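Here the structure comes first, spelled out in structure tokens, and everything after it is commentary.
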Amino acid sequence: MVEIIQCEDGTQTVYSPIFQETYHSIKGAIQESHHVFIRAGLNHLIEKGYQSIKILEFGFGTGLNALLVLDLAQDLPDISIEYVGIEKYPLDNSKISNLAYHEKVNVNVSDWLKLHSGNWHIGNFKGKVLHMDFNDFALQTKFDMVFHDAFSPSIQNEYWRAPFLQKVYESMNKGGVLVTYCAQGEFRRELKRIGFTTESLPGPLGKREMTRATKL
């Protein structure tokens with residue numbers, strides 16, 4: 001059974017005994033997710049002028065990334081955001097209730113719980129969570145942004161290599177962006193072989209680098 005543990009900054013994350021890895025950096029869950037997926041990801045597209053953004057996330061996990069997107073969307077009513085999260089091992093309700101991430105951002109508890117309900121439509125932010133293996137996704141929608149938040153390559157190697165990444169590439173619109181905390185060299189080489197351009201960006205607290213990749 002997964003367990004909730006404290007991060008060094010006072011926020012919480014989840015430890016998986018199956019994968020023997022935490023869902024977020026023990027330096028701080030919110031700071032990591034915001035740095036990688038909001039600052040380097042969603043804000044990047046907004047700064048490029050996107051008014052409608054479709055996001056695909058591999059590793060919905062605690063729902064923290066979706067929560068941070070909702071927090072931002074509330075301040076940007078003219079931008080429409082659609083979200084699909086994929087998670088094979090959903091957390092049970094007791095764990096979700098104990099993760100009080102919504103208290104750290106400007107989101108009420110009812111909206112926080114909606115993100116775990118399967119489908120939601122909150123203002124200009126709508127989405128759904130699919131409880132399935134990453135390899136089984138076959139979605140008709142093309143995405144502008146991918147949040148790649150699987151467990152590390154040492155744990156879930158197949159999701160950081162072709163052919164999985166090829167399938168991700170084909171699910172994205174031209175100019176679409178993938179962001180991840182991972183900075184592994186072989187992963188980046190795989191992205192380049194498939195057709196992405198890659199950038200090495202400063203990582204969140206405790207990590208030297210992260211990766212942003214763009215579909216040409």
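Following the order of the structure tokens, chains are lettered A, B, ..., residues in each are numbered from 1, and ligands are numbered from 1.
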I want to know what sits within 12 Å of Leu76 in chain A, based on only C-alpha atoms, with residues of the same chain fewer than 4 positions away left out; could you give that as a PyMOL selection string?
chain A and resi 42-43+46+50-52+69-72+80-81+123-125
Strand (DSSP E) call set, DSSP backbone run, chain A, as a PyMOL selection string:
chain A and resi 3-6+12-16+21-22+52-58+80-86+119-122+125-130+143-148+172-180+196-202+209-215
Keeping C-alpha atoms, export the residues of the selection given above as a compact mmCIF listing (two decimals), in the first residue's frame.
# COMPACT_ATOMS: atom_id res chain seq x y z
CA GLU A 3 2.12 5.80 1.99
CA ILE A 4 2.12 9.58 2.37
CA ILE A 5 5.46 11.05 3.40
CA GLN A 6 6.63 14.57 4.22
CA GLN A 12 3.63 15.90 1.03
CA THR A 13 4.19 13.23 -1.57
CA VAL A 14 3.41 9.55 -1.97
CA TYR A 15 5.82 6.63 -1.77
CA SER A 16 5.08 3.53 -3.85
CA GLU A 21 10.05 5.51 -5.56
CA THR A 22 8.26 8.68 -4.50
CA SER A 52 -6.60 26.89 -26.56
CA ILE A 53 -4.34 24.19 -25.10
CA LYS A 54 -4.79 20.42 -24.95
CA ILE A 55 -2.64 18.62 -22.37
CA LEU A 56 -1.87 14.90 -22.07
CA GLU A 57 -0.29 13.64 -18.86
CA PHE A 58 1.39 10.29 -18.32
CA SER A 80 -9.34 27.28 -22.80
CA ILE A 81 -7.54 24.21 -21.42
CA GLU A 82 -8.44 20.54 -21.92
CA TYR A 83 -6.64 17.82 -19.99
CA VAL A 84 -6.33 14.06 -20.22
CA GLY A 85 -4.50 12.25 -17.44
CA ILE A 86 -3.52 8.59 -17.64
CA ASN A 119 -14.39 13.85 -15.54
CA TRP A 120 -14.53 17.52 -14.69
CA HIS A 121 -15.49 20.87 -16.18
CA ILE A 122 -14.45 23.76 -13.96
CA PHE A 125 -10.67 23.95 -17.55
CA LYS A 126 -12.12 20.58 -18.44
CA GLY A 127 -10.64 17.12 -18.46
CA LYS A 128 -10.72 13.47 -17.52
CA VAL A 129 -8.60 10.75 -15.96
CA LEU A 130 -8.23 7.38 -17.68
CA PHE A 143 -2.27 17.41 -27.99
CA ASP A 144 -0.31 20.65 -27.68
CA MET A 145 1.49 19.66 -24.49
CA VAL A 146 2.61 16.42 -22.87
CA PHE A 147 3.44 16.17 -19.19
CA HIS A 148 5.72 13.13 -19.02
CA MET A 172 1.00 15.66 -30.64
CA ASN A 173 0.26 18.63 -32.85
CA LYS A 174 3.08 20.20 -34.81
CA GLY A 175 4.86 22.58 -32.47
CA GLY A 176 3.63 20.61 -29.47
CA VAL A 177 5.83 20.52 -26.39
CA LEU A 178 6.78 17.70 -24.01
CA VAL A 179 8.17 18.53 -20.57
CA THR A 180 9.60 16.22 -17.94
CA PHE A 196 11.88 16.25 -31.42
CA THR A 197 14.21 19.14 -30.78
CA THR A 198 15.34 19.15 -27.15
CA GLU A 199 16.35 21.77 -24.61
CA SER A 200 18.19 21.24 -21.34
CA LEU A 201 16.68 23.61 -18.79
CA PRO A 202 17.63 24.22 -15.15
CA GLU A 209 18.56 19.77 -15.30
CA MET A 210 15.20 18.90 -16.82
CA THR A 211 14.06 18.41 -20.43
CA ARG A 212 11.76 20.27 -22.79
CA ALA A 213 11.19 18.81 -26.26
CA THR A 214 9.30 20.28 -29.22
CA LYS A 215 7.74 18.44 -32.14
Given only C-alpha atoms as the basis, pick out the residue of A:Gly118, A:Pro163, A:Pro90, A:Gly63 nearest to His102 in chain A.
A:Gly63
If you count only C-alpha atoms, which residues fall within 10 Å of Phe137 in chain A, apart from same-chain ones fewer than 3 positions away, as a ChimeraX atom specification?
/A:58,86,130,132-134,140,167-168,171
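Computed from the coordinates, the CA of Asn93 in chain A to CA of Val109 in chain A distance equals 13.2 Å.
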